[in-house]
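Source file input.cif; content: mmCIF, C-alpha atoms.
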data_final
loop_
_atom_site.label_atom_id
_atom_site.label_comp_id
_atom_site.auth_asym_id
_atom_site.auth_seq_id
_atom_site.Cartn_x
_atom_site.Cartn_y
_atom_site.Cartn_z
CA MET I 1 -70.98 156.08 32.38
CA THR I 2 -73.37 153.18 32.19
CA PRO I 3 -74.95 151.61 35.26
CA GLU I 4 -72.99 148.44 34.56
CA ARG I 5 -69.68 150.27 34.36
CA PHE I 6 -70.41 152.20 37.53
CA ALA I 7 -71.19 148.98 39.37
CA THR I 8 -67.98 147.40 38.07
CA LEU I 9 -65.97 150.38 39.25
CA LEU I 10 -67.34 149.90 42.73
CA ASP I 11 -66.80 146.16 42.55
CA ALA I 12 -63.15 146.69 41.69
CA TYR I 13 -62.11 149.87 43.46
CA GLY I 14 -64.60 150.27 46.27
CA GLY I 15 -66.77 153.17 47.30
CA ASP I 16 -64.16 155.89 47.79
CA PRO I 17 -63.84 158.05 44.66
CA LYS I 18 -60.16 158.59 45.47
CA ARG I 19 -59.53 154.99 44.49
CA TRP I 20 -61.44 155.17 41.22
CA PRO I 21 -59.41 155.40 38.01
CA ALA I 22 -58.61 159.05 37.34
CA ALA I 23 -59.81 158.79 33.77
CA GLU I 24 -63.29 157.76 34.89
CA ARG I 25 -63.64 159.52 38.21
CA GLY I 26 -65.36 162.60 36.85
CA ASP I 27 -67.91 160.63 34.87
CA ALA I 28 -68.56 158.31 37.78
CA GLU I 29 -69.10 161.19 40.20
CA ALA I 30 -71.44 162.87 37.73
CA TYR I 31 -73.34 159.62 37.36
CA LEU I 32 -73.58 159.30 41.12
CA ALA I 33 -74.87 162.85 41.47
CA ALA I 34 -77.50 162.25 38.84
CA THR I 35 -78.56 158.81 40.04
CA PRO I 36 -79.81 158.74 43.63
CA SER I 37 -80.27 154.98 43.54
CA ALA I 38 -76.53 154.57 42.96
CA ARG I 39 -75.98 155.68 46.56
CA VAL I 40 -77.00 152.23 47.70
CA LEU I 41 -74.15 150.68 45.76
CA ILE I 42 -71.74 153.23 47.17
CA ASP I 43 -72.74 152.46 50.73
CA ASP I 44 -72.39 148.77 50.09
CA ALA I 45 -68.91 149.23 48.67
CA LEU I 46 -67.89 151.53 51.53
CA ARG I 47 -68.96 148.89 54.01
CA LEU I 48 -66.60 146.37 52.46
CA ASP I 49 -63.86 149.03 52.38
CA ALA I 50 -64.32 149.57 56.08
CA LEU I 51 -64.15 145.84 56.75
CA LEU I 52 -60.90 145.60 54.83
CA ASP I 53 -59.50 148.45 56.87
CA ALA I 54 -60.63 146.73 60.04
CA GLY I 55 -58.23 143.85 59.42
CA VAL I 56 -55.20 143.72 61.66
CA PRO I 57 -52.60 145.88 59.99
CA ALA I 58 -50.12 143.30 58.87
CA ALA I 59 -47.26 145.74 59.12
CA ALA I 60 -47.83 145.94 62.87
CA ALA I 61 -46.10 142.61 63.26
CA VAL I 62 -43.16 143.49 61.03
CA ASP I 63 -40.24 145.43 62.43
CA ALA I 64 -39.29 147.80 59.63
CA GLY I 65 -36.29 149.10 61.57
CA ARG I 66 -34.90 145.62 61.93
CA ILE I 67 -35.40 145.03 58.23
CA ALA I 68 -33.53 148.21 57.44
CA ALA I 69 -30.64 147.22 59.68
CA LEU I 70 -30.49 143.74 58.17
CA ALA I 71 -30.64 145.15 54.65
CA ALA I 72 -27.74 147.44 55.46
CA ALA I 73 -25.72 144.61 56.92
CA THR I 74 -26.46 142.43 53.91
CA ALA I 75 -25.38 145.18 51.56
CA GLN I 76 -22.09 145.52 53.41
CA GLU I 77 -21.52 141.82 52.91
CA HIS I 78 -21.82 142.29 49.15
CA PRO I 79 -19.35 145.09 48.39
CA ALA I 80 -18.13 143.57 45.16
CA THR I 81 -21.51 143.77 43.54
CA VAL I 82 -21.49 147.54 43.38
CA LEU I 83 -18.06 148.08 41.92
CA PRO I 84 -18.48 150.87 39.40
CA PHE I 85 -17.68 149.98 35.83
CA ARG I 86 -14.05 150.40 34.93
CA PRO I 87 -12.44 149.45 31.63
CA LYS I 88 -10.35 146.32 31.89
CA PRO I 89 -6.69 147.42 32.14
CA ARG I 90 -4.64 146.38 29.12
CA PRO I 91 -1.34 144.56 29.65
CA ALA I 92 1.76 146.61 28.92
CA ARG I 93 3.02 146.14 25.36
CA PRO I 94 6.52 144.63 25.09
CA VAL I 95 9.24 146.45 23.14
CA TRP I 96 9.28 143.90 20.32
CA ALA I 97 5.60 144.68 19.70
CA TRP I 98 6.50 148.27 18.80
CA ALA I 99 9.29 147.05 16.52
CA ARG I 100 6.87 144.73 14.74
CA ALA I 101 4.37 147.57 14.32
CA GLY I 102 7.13 149.81 12.87
CA ALA I 103 8.17 147.17 10.34
CA LEU I 104 4.56 146.70 9.32
CA ALA I 105 4.13 150.46 8.83
CA ALA I 106 7.33 150.70 6.75
CA ALA I 107 6.17 147.84 4.52
CA GLY I 108 2.84 149.59 4.08
CA ILE I 109 4.46 152.86 3.07
CA ALA I 110 6.76 151.09 0.57
CA GLY I 111 3.77 149.35 -0.98
CA LEU I 112 1.96 152.66 -1.19
CA ILE I 113 4.84 154.30 -3.04
CA VAL I 114 5.08 151.48 -5.60
CA GLY I 115 1.33 151.46 -6.03
CA MET I 116 1.17 155.22 -6.53
CA GLY I 117 3.69 154.93 -9.34
CA ASN I 118 1.50 152.42 -11.17
CA VAL I 119 -1.60 154.50 -10.56
CA THR I 120 0.11 157.62 -11.97
CA ASP I 121 1.03 155.81 -15.18
CA SER I 122 -2.43 154.39 -15.50
CA VAL I 123 -4.08 157.77 -14.93
CA GLN I 124 -1.91 159.38 -17.54
CA ARG I 125 -2.76 156.65 -20.05
CA ASN I 126 -6.46 156.84 -19.22
CA ALA I 127 -6.39 160.64 -19.36
CA GLY I 128 -4.98 160.44 -22.87
CA SER I 129 -7.75 158.08 -23.92
CA ALA I 130 -10.37 160.34 -22.39
CA LEU I 131 -9.02 163.35 -24.30
CA ASP I 132 -9.19 161.38 -27.52
CA LEU I 133 -12.85 160.57 -26.85
CA TYR I 134 -13.55 164.21 -25.96
CA ASP I 135 -12.02 165.38 -29.21
CA ALA I 136 -14.14 162.87 -31.11
CA ALA I 137 -17.29 164.07 -29.34
CA GLN I 138 -16.43 167.66 -30.18
CA VAL I 139 -16.20 166.71 -33.76
CA GLU I 140 -19.63 165.00 -33.62
CA ASP I 141 -21.19 167.99 -31.77
CA ALA I 142 -19.92 170.29 -34.47
CA SER I 143 -21.87 168.29 -37.03
CA TRP I 144 -25.32 169.00 -35.25
CA MET A 1 -11.50 147.64 45.63
CA ALA A 2 -14.95 149.06 46.23
CA PRO A 3 -15.31 152.70 47.17
CA ARG A 4 -16.21 152.30 50.82
CA ALA A 5 -15.11 155.55 52.35
CA ARG A 6 -17.93 155.92 54.84
CA PRO A 7 -19.56 153.33 57.06
CA LEU A 8 -23.18 152.50 56.61
CA ALA A 9 -25.52 154.01 59.16
CA LEU A 10 -29.21 153.41 59.40
CA ASP A 11 -30.04 155.30 62.50
CA GLY A 12 -31.29 158.82 62.79
CA ALA A 13 -27.80 160.19 62.35
CA THR A 14 -27.90 159.38 58.68
CA GLY A 15 -30.05 162.30 57.83
CA LYS A 16 -28.22 164.65 60.17
CA ASP A 17 -24.90 163.95 58.54
CA SER A 18 -26.21 164.71 55.11
CA PRO A 19 -29.17 167.04 55.27
CA GLY A 20 -29.27 167.43 51.50
CA MET A 21 -29.89 163.74 51.06
CA ASP A 22 -33.36 163.99 52.56
CA SER A 23 -34.49 166.17 49.72
CA GLN A 24 -32.97 164.01 47.03
CA SER A 25 -35.30 162.04 44.84
CA ASP A 26 -35.29 158.28 44.90
CA GLU A 27 -33.78 158.32 41.45
CA ALA A 28 -30.93 160.59 42.57
CA LEU A 29 -30.26 158.30 45.51
CA MET A 30 -30.21 155.33 43.16
CA ALA A 31 -27.61 157.07 41.03
CA ALA A 32 -25.50 157.63 44.14
CA ILE A 33 -25.99 154.03 45.24
CA GLY A 34 -24.80 152.96 41.82
CA GLN A 35 -21.52 154.65 42.68
CA GLY A 36 -21.31 152.71 45.92
CA ASP A 37 -22.68 155.40 48.24
CA GLN A 38 -23.81 153.52 51.31
CA ARG A 39 -25.36 156.57 52.94
CA ALA A 40 -27.61 157.01 49.94
CA PHE A 41 -28.58 153.36 50.27
CA ALA A 42 -29.28 153.82 53.96
CA ARG A 43 -31.47 156.82 53.19
CA LEU A 44 -33.43 154.92 50.56
CA VAL A 45 -33.92 151.97 52.88
CA GLU A 46 -35.03 154.27 55.65
CA ARG A 47 -37.45 156.01 53.32
CA HIS A 48 -39.09 152.87 51.97
CA SER A 49 -38.68 150.10 54.51
CA ARG A 50 -41.89 150.75 56.44
CA ARG A 51 -44.18 150.83 53.43
CA ALA A 52 -42.32 147.95 51.84
CA ALA A 53 -42.82 145.91 54.97
CA ALA A 54 -46.52 146.77 55.03
CA LEU A 55 -47.01 145.80 51.41
CA ALA A 56 -45.05 142.56 51.76
CA ALA A 57 -46.89 141.62 54.92
CA ARG A 58 -50.26 142.21 53.30
CA ILE A 59 -49.37 139.86 50.46
CA THR A 60 -47.44 137.16 52.30
CA LEU A 61 -49.45 137.28 55.53
CA ASN A 62 -46.39 135.85 57.16
CA ARG A 63 -44.00 137.97 59.18
CA SER A 64 -40.88 135.94 58.43
CA ASP A 65 -41.65 135.90 54.72
CA ALA A 66 -42.35 139.61 54.69
CA GLU A 67 -39.07 140.43 56.40
CA GLU A 68 -37.08 138.15 54.13
CA VAL A 69 -38.74 139.48 51.01
CA VAL A 70 -38.12 143.10 51.94
CA GLN A 71 -34.48 142.38 52.73
CA GLU A 72 -34.09 140.59 49.43
CA ALA A 73 -35.75 143.49 47.62
CA PHE A 74 -33.33 145.97 49.17
CA LEU A 75 -30.42 143.72 48.29
CA ARG A 76 -31.65 143.87 44.68
CA VAL A 77 -31.66 147.63 44.97
CA TRP A 78 -28.05 147.54 46.10
CA THR A 79 -26.89 145.15 43.41
CA LYS A 80 -28.92 146.55 40.52
CA ALA A 81 -28.32 150.23 41.22
CA PRO A 82 -25.20 150.56 39.01
CA ALA A 83 -27.20 149.54 35.95
CA TRP A 84 -30.59 150.97 36.97
CA ARG A 85 -31.90 153.94 35.02
CA PRO A 86 -35.33 155.55 35.20
CA GLN A 87 -36.97 154.97 31.86
CA ALA A 88 -39.49 157.56 30.78
CA GLY A 89 -42.63 155.96 29.47
CA ALA A 90 -41.60 152.48 30.50
CA ALA A 91 -43.30 150.38 33.11
CA ASP A 92 -40.44 150.97 35.53
CA ALA A 93 -40.47 154.71 35.00
CA THR A 94 -39.74 155.53 38.63
CA PHE A 95 -37.86 153.89 41.43
CA ALA A 96 -41.07 153.41 43.41
CA THR A 97 -42.74 151.45 40.64
CA TRP A 98 -39.65 149.38 39.95
CA PHE A 99 -39.12 148.65 43.62
CA ARG A 100 -42.76 147.68 44.13
CA ARG A 101 -42.49 145.38 41.16
CA VAL A 102 -39.40 143.70 42.58
CA LEU A 103 -41.05 143.37 45.97
CA VAL A 104 -44.38 142.04 44.72
CA ASN A 105 -42.69 139.53 42.43
CA LEU A 106 -40.58 138.30 45.33
CA CYS A 107 -43.72 138.00 47.45
CA ILE A 108 -45.52 135.99 44.78
CA ASP A 109 -42.54 133.83 43.80
CA ARG A 110 -41.31 133.06 47.28
CA ARG A 111 -41.33 129.60 48.69
CA ARG A 112 -44.70 129.62 50.31
CA ARG A 113 -45.03 129.02 53.97
CA PRO A 114 -48.17 128.82 56.02
CA VAL A 115 -49.68 132.02 57.26
CA ASN A 116 -47.78 132.97 60.35
CA GLU A 117 -49.84 133.23 63.45
CA ASP A 118 -47.87 136.30 64.43
CA ILE A 119 -49.38 138.28 61.64
CA ASP A 120 -52.83 137.35 62.81
CA LYS A 121 -52.09 138.18 66.39
CA VAL A 122 -53.37 141.18 68.15
CA PRO A 123 -51.21 144.25 67.63
CA GLU A 124 -50.27 146.39 70.54
CA MET A 125 -53.05 148.79 71.33
CA ALA A 126 -52.40 152.49 71.45
CA ASP A 127 -52.91 154.57 74.55
CA ASP A 128 -56.33 155.67 73.32
CA ALA A 129 -57.44 152.07 73.02
CA PRO A 130 -61.17 151.44 73.33
CA SER A 131 -62.79 149.53 76.15
CA ALA A 132 -62.26 145.81 76.55
CA PRO A 133 -65.57 144.64 74.95
CA GLU A 134 -65.01 146.97 72.05
CA GLN A 135 -61.47 145.68 71.64
CA ILE A 136 -62.72 142.14 71.60
CA ASP A 137 -65.26 142.99 68.91
CA ARG A 138 -62.62 144.68 66.83
CA LEU A 139 -60.20 141.84 67.16
CA ARG A 140 -62.85 139.31 66.29
CA THR A 141 -63.65 141.27 63.17
CA ALA A 142 -59.97 141.68 62.33
CA ARG A 143 -59.38 137.95 62.62
CA ARG A 144 -62.30 137.20 60.34
CA VAL A 145 -61.10 139.72 57.77
CA ASN A 146 -57.54 138.44 57.89
CA ALA A 147 -58.71 134.87 57.48
CA ALA A 148 -60.84 135.83 54.49
CA VAL A 149 -57.99 137.76 52.89
CA ALA A 150 -55.68 134.78 53.45
CA GLU A 151 -58.02 132.65 51.36
CA LEU A 152 -57.54 134.85 48.31
CA PRO A 153 -55.07 133.83 45.60
CA GLU A 154 -51.86 135.79 45.99
CA ARG A 155 -52.22 137.85 42.83
CA GLN A 156 -55.66 138.99 43.96
CA ARG A 157 -54.19 139.82 47.34
CA ALA A 158 -51.37 141.71 45.67
CA ALA A 159 -53.79 143.74 43.55
CA LEU A 160 -55.87 144.52 46.62
CA ALA A 161 -52.82 145.49 48.64
CA LEU A 162 -51.64 147.83 45.91
CA CYS A 163 -54.93 149.50 44.99
CA HIS A 164 -56.74 149.52 48.32
CA PHE A 165 -54.01 149.78 50.93
CA GLU A 166 -51.11 151.35 49.02
CA GLY A 167 -53.40 153.67 47.11
CA VAL A 168 -51.57 153.25 43.82
CA SER A 169 -53.43 153.87 40.59
CA ASN A 170 -54.75 151.03 38.49
CA ILE A 171 -52.19 151.96 35.84
CA GLU A 172 -49.26 151.68 38.25
CA ALA A 173 -50.67 148.48 39.71
CA ALA A 174 -50.73 147.07 36.18
CA ASP A 175 -47.09 148.09 35.75
CA VAL A 176 -46.11 146.56 39.05
CA LEU A 177 -47.90 143.29 38.37
CA GLY A 178 -46.87 143.18 34.72
CA ILE A 179 -50.42 142.81 33.48
CA SER A 180 -53.00 145.00 31.75
CA VAL A 181 -55.20 147.50 33.55
CA GLY A 182 -58.18 145.35 32.67
CA ALA A 183 -56.54 142.33 34.26
CA VAL A 184 -55.88 144.32 37.43
CA GLU A 185 -59.51 145.32 37.53
CA SER A 186 -60.53 141.71 37.08
CA LEU A 187 -58.31 140.63 39.98
CA LEU A 188 -59.82 143.33 42.17
CA VAL A 189 -63.40 142.45 41.26
CA ARG A 190 -62.84 138.78 42.02
CA ALA A 191 -61.06 139.58 45.27
CA ARG A 192 -63.71 141.95 46.55
CA ARG A 193 -66.57 139.68 45.53
CA ALA A 194 -64.97 136.74 47.31
CA LEU A 195 -64.46 138.85 50.43
CA LYS A 196 -67.99 140.14 50.29
CA THR A 197 -69.27 136.59 50.18
CA SER A 198 -67.08 135.28 52.97
CA LEU A 199 -67.72 138.31 55.17
CA ALA A 200 -71.39 138.68 54.31
CA ASP A 201 -72.49 138.35 57.92
CA LEU A 202 -70.15 141.17 58.99
CA ALA A 203 -70.92 143.42 56.05
CA GLY A 204 -74.62 142.84 56.28
CA ASP A 205 -75.40 144.24 59.72
CA GLY A 206 -73.03 147.16 59.40
CA SER A 207 -72.26 147.13 63.09
CA ALA A 208 -68.88 145.47 63.09
CA ALA A 209 -67.38 147.87 60.64
CA PRO A 210 -69.57 150.85 60.00
CA ALA A 211 -68.87 152.44 56.68
CA PRO A 212 -68.17 156.13 56.72
CA GLY A 213 -71.23 158.01 55.60
CA SER A 214 -73.22 154.84 55.30
CA ILE A 215 -76.98 154.87 55.11
CA PRO A 216 -78.62 152.52 57.63
CA GLY A 217 -80.52 149.72 56.00
CA ALA A 218 -78.79 150.04 52.65
CA ALA A 219 -78.76 146.91 50.53
CA ALA A 220 -75.78 144.67 51.17
CA SER A 221 -75.34 143.19 47.74
CA THR A 222 -73.90 144.65 44.59
CA THR A 223 -76.02 143.70 41.65
CA GLY A 224 -73.91 145.17 38.91
CA GLY A 225 -70.58 144.13 37.51
CA THR A 226 -69.51 142.83 34.17
CA ARG A 227 -66.66 140.57 35.11
#
So, in terms of structure tokens, how does the structure I just supplied come out?
Amino acid sequence: MTPERFATLLDAYGGDPKRWPAAERGDAEAYLAATPSARVLIDDALRLDALLDAGVPAAAAVDAGRIAALAAATAQEHPATVLPFRPKPRPARPVWAWARAGALAAAGIAGLIVGMGNVTDSVQRNAGSALDLYDAAQVEDASW
Amino acid sequence: MAPRARPLALDGATGKDSPGMDSQSDEALMAAIGQGDQRAFARLVERHSRRAAALAARITLNRSDAEEVVQEAFLRVWTKAPAWRPQAGAADATFATWFRRVLVNLCIDRRRRPVNEDIDKVPEMADDAPSAPEQIDRLRTARRVNAAVAELPERQRAALALCHFEGVSNIEAADVLGISVGAVESLLVRARRALKTSLADLAGDGSAAPAPGSIPGAAASTTGGTR
């Protein structure tokens, strides 16, 4: 804690250690204990603290109970704003929509069957080619 | 439509009807408010309205503005609660910080009106009020202090209200104001130096507002400071 930093702490936060930043409070109090001349700065800051506290408490003129009542009344006037989230309801599906979905599914299945037939033929052909290559490789391996 | 099973009550009966609600955290109440629980809202308003009013009044220095701003802030609570979530590590980590931020921003952004005389008027004295000459001295000092504070830019006043009067940390004040800790400190230094200058005659003699634990005859000027 430098003298400059200590003075800035008092300039900003006043003379009461409770208001000093927690991270620096220990260092500042140690500095104060070790530096008798710093007491002058503390007293000066405490004097300004006391003046601030001597101001008319602004809250004295404000009726907190009235505010609370008005806030409550205002909230009651805005019920829609606190509706909990609900998923938007979907419109009921008409019967023809199910029929259309069924036709689409049937077409898909038919396409799948036809496609599977082609794939089976292709796999068999490709499998034959792969076996030919394997046999050729076996022949080459045997030559090593 | 909206789940409005129970009427809103802001009187003392609120707590009696739901004793468990008093022990609920602000964040738990916000979750309930998000589901449309008006009693939870009433409890939160009851819990925070006084301090909110004090903070708003210290920044706006105008009673009407302060009341409007606090009402608006609570309306934001009501409307934002369904989507509000405490965010660990974020600036708005807690309800208190988020709410202060909403409130202070409303105070700063409001349509500015002149300082209301009401706020500068003499508050009602308590039963243990001091003698008449002493009261006059105090009120004279209070008026001077209020006038000096009113001359500060609003962000300086907000920083002062948060750190001096609300007792929040510099880190939370930075979160509330949306600026760095260093910037908060700078606002505070400028505010306090301006006040010290404008109130030099009061601070100098030490009689109008004796500092606790003060040493008579101590120097009245801070020589240090880097900002």
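A straight line drawn from CA of Gln38 in chain A to CA of Glu166 in chain A is 27.5 Å long.
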- Query: On this structure, which residues satisfy the PyMOL selection byres ((chain A and resi 99) around 9), written as a list in words?
  - Reply: Ala52, Ala73, Phe74, Arg76, Val77, Asp92, Thr94, Phe95, Ala96, Thr97, Trp98, Arg100, Arg101, Val102, Leu103, Val104 and Val176 of chain A
- Which one is closest to Glu29 in chain I: I:Asp16, I:Asp11, I:Asp44, I:Asp53? Count only C-alpha atoms.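 Under the stated criterion, the closest residue is I:Asp16.
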- Pick out the closest residue to chain A from this set: I:Ala72, I:Leu112, I:Ala99, I:Ala107. Count all atoms listed in the file. I:Ala72
- Hey, what comes out of the PyMOL selection byres ((chain A and resi 53) around 8) on this file? Could you write it as a VMD selection string? (chain I and resid 59 62 to 64) or (chain A and resid 49 to 52 54 to 57 66 to 67 70)
- Message: Could you tell me how far CA of Ala81 in chain A sits from CA of Met30 in chain A, in Å to one decimal place?
- Response: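 For CA of Met30 in chain A relative to CA of Ala81 in chain A, the distance reads 5.8 Å.
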- Message: What does the structure give for the distance between CA of Ala191 in chain A and CA of Met1 in chain I, in Å to one decimal?
- Response: 23.2 Å
- Message: What would the selection look like, as a list in words, if the PyMOL selection byres ((chain A and resi 144-147) around 7) were run on the coordinates I just shared?
- Response: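 Given this file, the PyMOL selection byres ((chain A and resi 144-147) around 7) evaluates to Leu51, Leu52, Gly55 and Val56 of chain I; Asp120, Arg140, Thr141, Ala142, Arg143, Ala148, Val149, Ala150 and Glu151 of chain A.
Compared by their closest atoms to chain A, and using all atoms listed in the file, the residues I:Gly108, I:Pro3, I:Pro17, I:Pro36 rank with I:Pro3 nearest.
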- Task: Between A:Gln156, A:Thr197, A:Gln87, A:Gln71, single out the one closest to chain I, counting only C-alpha atoms.
- Result: A:Gln71
- Query: Nearest to chain A: which of I:Ala38, I:Leu104, I:Leu46, I:Ala110 is it, counting all atoms listed in the file?
  - Reply: I:Leu46
- Of A:Arg39, A:Arg192, A:Arg85, A:Arg47, the one sitting nearest chain I when using only C-alpha atoms is A:Arg192
Could you pull range 73-97 of chain A out of the structure I just pasted and write it to a file containing C-alpha atoms, as a short mmCIF file (atom, residue, chain, number, x, y, z; two decimals), in the first residue's frame?
data_model
loop_
_atom_site.label_atom_id
_atom_site.label_comp_id
_atom_site.auth_asym_id
_atom_site.auth_seq_id
_atom_site.Cartn_x
_atom_site.Cartn_y
_atom_site.Cartn_z
CA ALA A 73 -38.70 -0.88 -11.55
CA PHE A 74 -41.18 -3.16 -9.80
CA LEU A 75 -43.26 -3.35 -12.95
CA ARG A 76 -40.12 -4.55 -14.74
CA VAL A 77 -39.74 -7.17 -12.05
CA TRP A 78 -43.27 -8.34 -12.72
CA THR A 79 -42.92 -8.42 -16.49
CA LYS A 80 -39.39 -9.80 -16.68
CA ALA A 81 -39.75 -12.47 -14.01
CA PRO A 82 -40.84 -15.28 -16.39
CA ALA A 83 -37.58 -14.99 -18.31
CA TRP A 84 -35.31 -13.90 -15.44
CA ARG A 85 -32.69 -16.35 -14.25
CA PRO A 86 -29.86 -15.76 -11.79
CA GLN A 87 -26.65 -16.10 -13.73
CA ALA A 88 -23.64 -17.27 -11.79
CA GLY A 89 -20.62 -15.18 -12.53
CA ALA A 90 -22.55 -12.64 -14.55
CA ALA A 91 -23.07 -9.04 -13.61
CA ASP A 92 -26.68 -9.74 -12.71
CA ALA A 93 -25.81 -12.72 -10.57
CA THR A 94 -28.43 -11.99 -7.93
CA PHE A 95 -31.83 -10.39 -7.90
CA ALA A 96 -30.55 -7.54 -5.73
CA THR A 97 -27.87 -6.57 -8.21
#
